[in-house]
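J.: Got a structure for you, run-v6.cif, holding mmCIF, C-alpha atoms and all ligand atoms.
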```cif
data_target
#
loop_
_atom_site.group_PDB
_atom_site.id
_atom_site.type_symbol
_atom_site.label_atom_id
_atom_site.label_comp_id
_atom_site.auth_asym_id
_atom_site.auth_seq_id
_atom_site.Cartn_x
_atom_site.Cartn_y
_atom_site.Cartn_z
ATOM 1 C CA MET Z 1 6.360 -10.535 -19.448
ATOM 2 C CA ILE Z 2 9.010 -12.852 -18.052
ATOM 3 C CA ALA Z 3 8.140 -16.221 -16.563
ATOM 4 C CA GLY Z 4 9.076 -17.128 -13.022
ATOM 5 C CA GLN Z 5 9.530 -13.559 -11.796
ATOM 6 C CA GLY Z 6 6.111 -13.314 -10.270
ATOM 7 C CA THR Z 7 7.152 -12.156 -6.838
ATOM 8 C CA ALA Z 8 9.387 -9.356 -8.035
ATOM 9 C CA LEU Z 9 6.830 -8.200 -10.592
ATOM 10 C CA ASN Z 10 4.135 -8.092 -7.939
ATOM 11 C CA SER Z 11 6.193 -5.853 -5.688
ATOM 12 C CA ASN Z 12 4.802 -2.397 -5.149
ATOM 13 C CA VAL Z 13 6.036 0.739 -6.792
ATOM 14 C CA LEU Z 14 5.241 4.208 -5.476
ATOM 15 C CA VAL Z 15 4.021 6.483 -8.261
ATOM 16 C CA LEU Z 16 4.773 10.215 -8.136
ATOM 17 C CA ASN Z 17 3.303 12.915 -10.322
ATOM 18 C CA LYS Z 18 5.401 15.356 -12.281
ATOM 19 C CA PHE Z 19 5.946 17.417 -9.115
ATOM 20 C CA TYR Z 20 7.175 14.473 -7.055
ATOM 21 C CA SER Z 21 3.958 14.189 -5.057
ATOM 22 C CA PRO Z 22 2.849 10.615 -4.408
ATOM 23 C CA ILE Z 23 -0.309 9.638 -6.301
ATOM 24 C CA HIS Z 24 -0.712 5.922 -5.790
ATOM 25 C CA VAL Z 25 0.917 2.516 -5.723
ATOM 26 C CA LEU Z 26 1.181 0.132 -8.663
ATOM 27 C CA SER Z 27 2.595 -3.342 -9.195
ATOM 28 C CA ALA Z 28 6.100 -3.481 -10.648
ATOM 29 C CA ARG Z 29 4.544 -5.160 -13.685
ATOM 30 C CA LYS Z 30 2.421 -2.071 -14.416
ATOM 31 C CA ALA Z 31 5.292 0.250 -13.574
ATOM 32 C CA PHE Z 32 7.456 -1.472 -16.213
ATOM 33 C CA CYS Z 33 4.672 -0.950 -18.767
ATOM 34 C CA LEU Z 34 4.683 2.790 -18.053
ATOM 35 C CA LEU Z 35 8.473 2.889 -18.254
ATOM 36 C CA CYS Z 36 8.471 1.057 -21.595
ATOM 37 C CA LYS Z 37 5.923 3.519 -22.979
ATOM 38 C CA GLU Z 38 8.176 6.350 -21.786
ATOM 39 C CA ALA Z 39 5.308 7.711 -19.701
ATOM 40 C CA ALA Z 40 7.411 7.441 -16.563
ATOM 41 C CA GLU Z 41 10.955 7.486 -15.290
ATOM 42 C CA VAL Z 42 12.647 5.758 -12.383
ATOM 43 C CA VAL Z 43 13.380 7.747 -9.236
ATOM 44 C CA ASN Z 44 16.093 5.928 -7.339
ATOM 45 C CA VAL Z 45 17.192 6.939 -3.862
ATOM 46 C CA GLU Z 46 20.988 6.729 -3.753
ATOM 47 C CA ASN Z 47 23.255 7.963 -0.963
ATOM 48 C CA ASP Z 48 20.631 10.157 0.637
ATOM 49 C CA THR Z 49 19.662 11.859 -2.588
ATOM 50 C CA TYR Z 50 17.691 10.652 -5.582
ATOM 51 C CA VAL Z 51 18.676 10.090 -9.163
ATOM 52 C CA VAL Z 52 16.290 9.968 -12.107
ATOM 53 C CA TYR Z 53 16.663 7.461 -14.965
ATOM 54 C CA ASP Z 54 14.748 6.915 -18.166
ATOM 55 C CA PHE Z 55 14.041 3.255 -18.841
ATOM 56 C CA GLU Z 56 17.065 2.740 -21.051
ATOM 57 C CA GLY Z 57 19.326 4.347 -18.451
ATOM 58 C CA TRP Z 58 17.769 2.209 -15.728
ATOM 59 C CA VAL Z 59 18.402 -0.976 -17.698
ATOM 60 C CA GLU Z 60 22.020 0.060 -18.268
ATOM 61 C CA GLN Z 61 22.428 0.861 -14.591
ATOM 62 C CA SER Z 62 20.928 -2.532 -13.707
ATOM 63 C CA GLU Z 63 23.328 -4.339 -16.026
ATOM 64 C CA ILE Z 64 26.335 -2.613 -14.499
ATOM 65 C CA ARG Z 65 25.221 -3.386 -10.958
ATOM 66 C CA ASP Z 66 24.466 -6.968 -11.909
ATOM 67 C CA GLU Z 67 27.904 -7.414 -13.445
ATOM 68 C CA LEU Z 68 29.613 -5.923 -10.396
ATOM 69 C CA ASN Z 69 27.407 -7.844 -7.966
ATOM 70 C CA ASP Z 70 26.479 -4.540 -6.414
ATOM 71 C CA PHE Z 71 23.322 -5.677 -4.633
ATOM 72 C CA ASN Z 72 21.473 -4.575 -1.564
ATOM 73 C CA LYS Z 73 19.682 -7.132 0.540
ATOM 74 C CA ASP Z 74 16.201 -5.900 -0.388
ATOM 75 C CA ASP Z 75 16.779 -5.400 -4.111
ATOM 76 C CA GLU Z 76 14.682 -7.435 -6.509
ATOM 77 C CA TRP Z 77 15.493 -8.269 -10.078
ATOM 78 C CA VAL Z 78 13.723 -9.429 -13.170
ATOM 79 C CA ARG Z 79 15.934 -11.686 -15.233
ATOM 80 C CA SER Z 80 15.758 -13.511 -18.501
ATOM 81 C CA VAL Z 81 18.414 -15.074 -20.676
ATOM 82 C CA ASN Z 82 19.555 -11.833 -22.255
ATOM 83 C CA PHE Z 83 18.009 -9.215 -20.039
ATOM 84 C CA VAL Z 84 18.302 -8.122 -16.434
ATOM 85 C CA VAL Z 85 16.613 -5.214 -14.765
ATOM 86 C CA GLN Z 86 16.203 -4.165 -11.189
ATOM 87 C CA VAL Z 87 12.673 -3.606 -9.925
ATOM 88 C CA PRO Z 88 12.301 0.118 -9.256
ATOM 89 C CA ARG Z 89 10.695 1.231 -5.999
ATOM 90 C CA ILE Z 90 9.585 4.659 -7.176
ATOM 91 C CA ILE Z 91 8.581 6.021 -10.571
ATOM 92 C CA ARG Z 92 7.516 9.491 -11.652
ATOM 93 C CA LEU Z 93 4.902 10.131 -14.321
ATOM 94 C CA THR Z 94 6.545 12.692 -16.550
ATOM 95 C CA ASN Z 95 3.333 14.171 -17.953
ATOM 96 C CA TYR Z 96 0.967 13.859 -15.056
ATOM 97 C CA ASP Z 97 0.527 17.189 -13.311
ATOM 98 C CA ARG Z 98 -2.713 16.704 -11.401
ATOM 99 C CA ILE Z 99 -2.497 17.216 -7.672
ATOM 100 C CA PRO Z 100 -3.461 14.102 -5.729
ATOM 101 C CA ARG Z 101 -6.657 14.391 -3.741
ATOM 102 C CA ASN Z 102 -5.467 11.917 -1.170
ATOM 103 C CA ILE Z 103 -8.720 10.041 -0.900
ATOM 104 C CA VAL Z 104 -8.668 6.852 1.113
ATOM 105 C CA LYS Z 105 -11.293 4.506 -0.269
ATOM 106 C CA PHE Z 106 -13.869 3.460 2.269
ATOM 107 C CA ASN Z 107 -14.172 -0.276 1.768
ATOM 108 C CA ARG Z 108 -13.956 -3.524 3.746
ATOM 109 C CA LYS Z 109 -10.320 -4.105 3.004
ATOM 110 C CA ASN Z 110 -9.256 -0.644 4.165
ATOM 111 C CA VAL Z 111 -11.365 -0.803 7.337
ATOM 112 C CA PHE Z 112 -9.725 -4.127 8.251
ATOM 113 C CA LEU Z 113 -6.294 -2.705 7.440
ATOM 114 C CA ARG Z 114 -6.943 0.425 9.494
ATOM 115 C CA ASP Z 115 -7.866 -1.820 12.426
ATOM 116 C CA ASN Z 116 -4.789 -4.046 11.886
ATOM 117 C CA HIS Z 117 -7.107 -7.009 11.352
ATOM 118 C CA GLN Z 118 -8.087 -6.877 15.008
ATOM 119 C CA CYS Z 119 -11.599 -7.208 16.328
ATOM 120 C CA GLN Z 120 -12.229 -3.795 17.878
ATOM 121 C CA TYR Z 121 -14.155 -5.341 20.758
ATOM 122 C CA CYS Z 122 -12.104 -8.328 21.941
ATOM 123 C CA GLY Z 123 -8.782 -7.063 20.514
ATOM 124 C CA VAL Z 124 -7.863 -10.409 18.946
ATOM 125 C CA ASP Z 125 -6.210 -10.675 15.495
ATOM 126 C CA PHE Z 126 -8.283 -12.473 12.902
ATOM 127 C CA PRO Z 127 -7.739 -13.464 9.290
ATOM 128 C CA TYR Z 128 -9.562 -11.343 6.764
ATOM 129 C CA SER Z 129 -12.177 -14.056 6.201
ATOM 130 C CA SER Z 130 -13.194 -14.177 9.874
ATOM 131 C CA LEU Z 131 -13.802 -10.456 10.280
ATOM 132 C CA SER Z 132 -17.011 -8.571 9.727
ATOM 133 C CA LEU Z 133 -17.995 -4.930 9.699
ATOM 134 C CA ASP Z 134 -19.955 -3.580 12.643
ATOM 135 C CA HIS Z 135 -21.915 -0.348 12.996
ATOM 136 C CA VAL Z 136 -20.878 1.045 16.405
ATOM 137 C CA MET Z 137 -24.147 2.959 16.581
ATOM 138 C CA PRO Z 138 -26.532 0.492 14.914
ATOM 139 C CA SER Z 139 -27.899 1.551 11.528
ATOM 140 C CA SER Z 140 -31.406 0.917 12.859
ATOM 141 C CA ARG Z 141 -30.742 3.772 15.270
ATOM 142 C CA GLY Z 142 -29.426 6.152 12.645
ATOM 143 C CA GLY Z 143 -25.779 5.070 12.796
ATOM 144 C CA GLU Z 144 -23.932 6.041 9.644
ATOM 145 C CA THR Z 145 -21.885 3.822 7.408
ATOM 146 C CA SER Z 146 -18.727 5.867 7.715
ATOM 147 C CA TRP Z 147 -15.112 5.622 8.882
ATOM 148 C CA GLU Z 148 -16.215 7.035 12.241
ATOM 149 C CA ASN Z 149 -18.980 4.488 12.848
ATOM 150 C CA ILE Z 150 -17.741 1.264 11.239
ATOM 151 C CA VAL Z 151 -15.259 -1.058 12.922
ATOM 152 C CA SER Z 152 -13.849 -4.537 12.366
ATOM 153 C CA ALA Z 153 -15.470 -7.155 14.571
ATOM 154 C CA CYS Z 154 -15.083 -10.903 14.839
ATOM 155 C CA LEU Z 155 -18.257 -12.863 14.221
ATOM 156 C CA LYS Z 156 -18.635 -13.787 17.873
ATOM 157 C CA CYS Z 157 -18.458 -10.177 19.081
ATOM 158 C CA ASN Z 158 -20.677 -9.016 16.230
ATOM 159 C CA VAL Z 159 -23.400 -11.483 17.204
ATOM 160 C CA ARG Z 160 -23.011 -10.724 20.882
ATOM 161 C CA LYS Z 161 -23.392 -6.999 20.328
ATOM 162 C CA GLY Z 162 -26.394 -7.441 18.043
ATOM 163 C CA GLY Z 163 -28.422 -4.294 17.439
ATOM 164 C CA ARG Z 164 -27.173 -2.555 20.568
ATOM 165 C CA THR Z 165 -24.729 0.247 21.264
ATOM 166 C CA PRO Z 166 -21.421 -0.780 22.890
ATOM 167 C CA LEU Z 167 -22.652 0.704 26.159
ATOM 168 C CA GLU Z 168 -25.892 -1.288 26.108
ATOM 169 C CA ALA Z 169 -24.007 -4.466 25.235
ATOM 170 C CA ASN Z 170 -21.386 -3.701 27.880
ATOM 171 C CA MET Z 171 -18.639 -3.977 25.268
ATOM 172 C CA LYS Z 172 -15.792 -1.522 24.982
ATOM 173 C CA LEU Z 173 -14.117 -0.418 21.762
ATOM 174 C CA THR Z 174 -10.343 -0.884 21.764
ATOM 175 C CA SER Z 175 -9.935 2.401 19.873
ATOM 176 C CA ARG Z 176 -12.052 5.198 18.559
ATOM 177 C CA PRO Z 177 -12.690 4.741 14.838
ATOM 178 C CA SER Z 178 -11.615 7.558 12.523
ATOM 179 C CA LYS Z 179 -10.749 8.190 8.923
ATOM 180 C CA PRO Z 180 -7.113 7.288 8.233
ATOM 181 C CA ALA Z 181 -4.923 10.151 7.050
ATOM 182 C CA ARG Z 182 -3.582 8.052 4.210
ATOM 183 C CA ASN Z 183 -4.105 4.682 2.634
ATOM 184 C CA PRO Z 184 -3.663 2.102 5.415
ATOM 185 C CA ALA Z 185 -2.076 -0.319 2.948
ATOM 186 C CA LEU Z 186 0.586 2.296 2.290
ATOM 187 C CA ASP Z 187 1.289 2.633 6.005
ATOM 188 C CA ARG Z 188 1.829 -1.108 6.247
ATOM 189 C CA GLN Z 189 4.266 -1.083 3.353
ATOM 190 C CA LEU Z 190 6.154 1.914 4.707
ATOM 191 C CA ALA Z 191 7.045 -0.167 7.723
ATOM 192 C CA GLN Z 192 8.937 -2.622 5.475
ATOM 193 C CA GLU Z 193 12.625 -1.995 4.834
ATOM 194 C CA LYS Z 194 12.072 -2.857 1.181
ATOM 195 C CA TYR Z 195 10.053 0.330 0.748
ATOM 196 C CA ALA Z 196 12.217 2.568 2.945
ATOM 197 C CA SER Z 197 12.964 4.850 -0.014
ATOM 198 C CA TRP Z 198 9.275 5.875 -0.146
ATOM 199 C CA ARG Z 199 9.512 7.703 3.163
ATOM 200 C CA ARG Z 200 11.245 10.650 1.574
ATOM 201 C CA PHE Z 201 8.203 11.333 -0.624
ATOM 202 C CA LEU Z 202 5.349 10.736 1.812
HETATM 203 ZN ZN ZN W 301 -14.125 -10.082 18.868
#
```
Can you dump the structure from the file as structure tokens?

T.:
Amino acid sequence: MIAGQGTALNSNVLVLNKFYSPIHVLSARKAFCLLCKEAAEVVNVENDTYVVYDFEGWVEQSEIRDELNDFNKDDEWVRSVNFVVQVPRIIRLTNYDRIPRNIVKFNRKNVFLRDNHQCQYCGVDFPYSSLSLDHVMPSSRGGETSWENIVSACLKCNVRKGGRTPLEANMKLTSRPSKPARNPALDRQLAQEKYASWRRFL
């Protein structure tokens, strides 16, 4: 779309359905596509309430704020020679009326996020690439591959535990694994000031 605006365009945008229920999170790049197609509108939290803009109105609003230097610290902008638009934080799909099922995908990334990238045995933080998945009750003993029986483990702890239960290996879990109530990535973002406006809708 516009060169050199990668960071702003990769920011996250909370997507609401027609009834203002959160459905998912998209990149700003994809959100702009929906806005251009008039499939969505911007929901902007202003002075403790929210105001809705169609794309044209949002661009106009952006131009005014840009001209008046009316910026907040966390605002992000996409600029080109003859165009400036603020990155929205929330959009609403005007024709989407399905109720979200609130399913958190069970995958490696979300297990690591749920566990804050910490080995659940030694409690140390590890980069994504140094973590592995461990069956608390080994699969050879009927342990399920589920939120309740899979934890993040560093390679050292994983090898040490081997095919044993934590009790047999004399290793203690730092917390009891469970299914997260909502997407763990969303929880992480909610903690950032940049996405403070999402809290009202979650
Ligand atoms: Zn460990």

J.: For chain Z versus ligand ZN 301 (chain W), which residues have an atom no more than 8 Å away, and what is each residue's nearest atom pair and distance in Å rounded to one decimal, using only C-alpha atoms and all ligand atoms, chain-then-number order, as CSV?

T.:
```
residue,atom,partner,partner_atom,distance
Z:Gln118,CA,W:ZN301,ZN,7.9
Z:Cys119,CA,W:ZN301,ZN,4.6
Z:Gln120,CA,W:ZN301,ZN,6.6
Z:Tyr121,CA,W:ZN301,ZN,5.1
Z:Cys122,CA,W:ZN301,ZN,4.1
Z:Gly123,CA,W:ZN301,ZN,6.4
Z:Val124,CA,W:ZN301,ZN,6.3
Z:Ala153,CA,W:ZN301,ZN,5.4
Z:Cys154,CA,W:ZN301,ZN,4.2
Z:Leu155,CA,W:ZN301,ZN,6.8
Z:Lys156,CA,W:ZN301,ZN,5.9
Z:Cys157,CA,W:ZN301,ZN,4.3
Z:Asn158,CA,W:ZN301,ZN,7.1
```

J.: For Ser11 of chain Z, work out the shell of residues within 9 Å, counting all atoms listed in the file and skipping chain neighbours fewer than 4 positions away, then give it as number ranges by chain.

T.: Z: 6-7, 26-29, 76, 87, 89

J.: With 6 Å on each side, where is the centre of the axis-aligned box around all listed atoms of segment 144-154 of chain Z, and how long are its edges in Å to one decimal, as AutoDock Vina command-line options?

T.:
```
--center_x -18.9 --center_y -1.9 --center_z 11.1 --size_x 22.1 --size_y 29.9 --size_z 19.4
```

J.: Written as a count of residues only, what is the full residue list that the PyMOL selection byres (((chain Z and resi 185-191) around 10) and not hetatm) yields on the file shown?

T.: 24

J.: Could you tell me how far atom CA of Glu46 of chain Z sits from atom CA of Ala31 of chain Z, in Å to one decimal place?

T.: 19.6 Å

J.: I need the residue nearest Phe112 of chain Z from this list: Z:Leu93, Z:Val78, Z:Val151, Z:Val52. Use only C-alpha atoms for the distance.

T.: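 Between Z:Leu93, Z:Val78, Z:Val151, Z:Val52, the residue approaching Phe112 of chain Z most closely is Z:Val151.
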
J.: What does the distance from atom CA of Lys37 of chain Z to atom CA of Asp74 of chain Z come to in Å, to one decimal?

T.: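 Distance reported for this atom pair: 26.5 Å.
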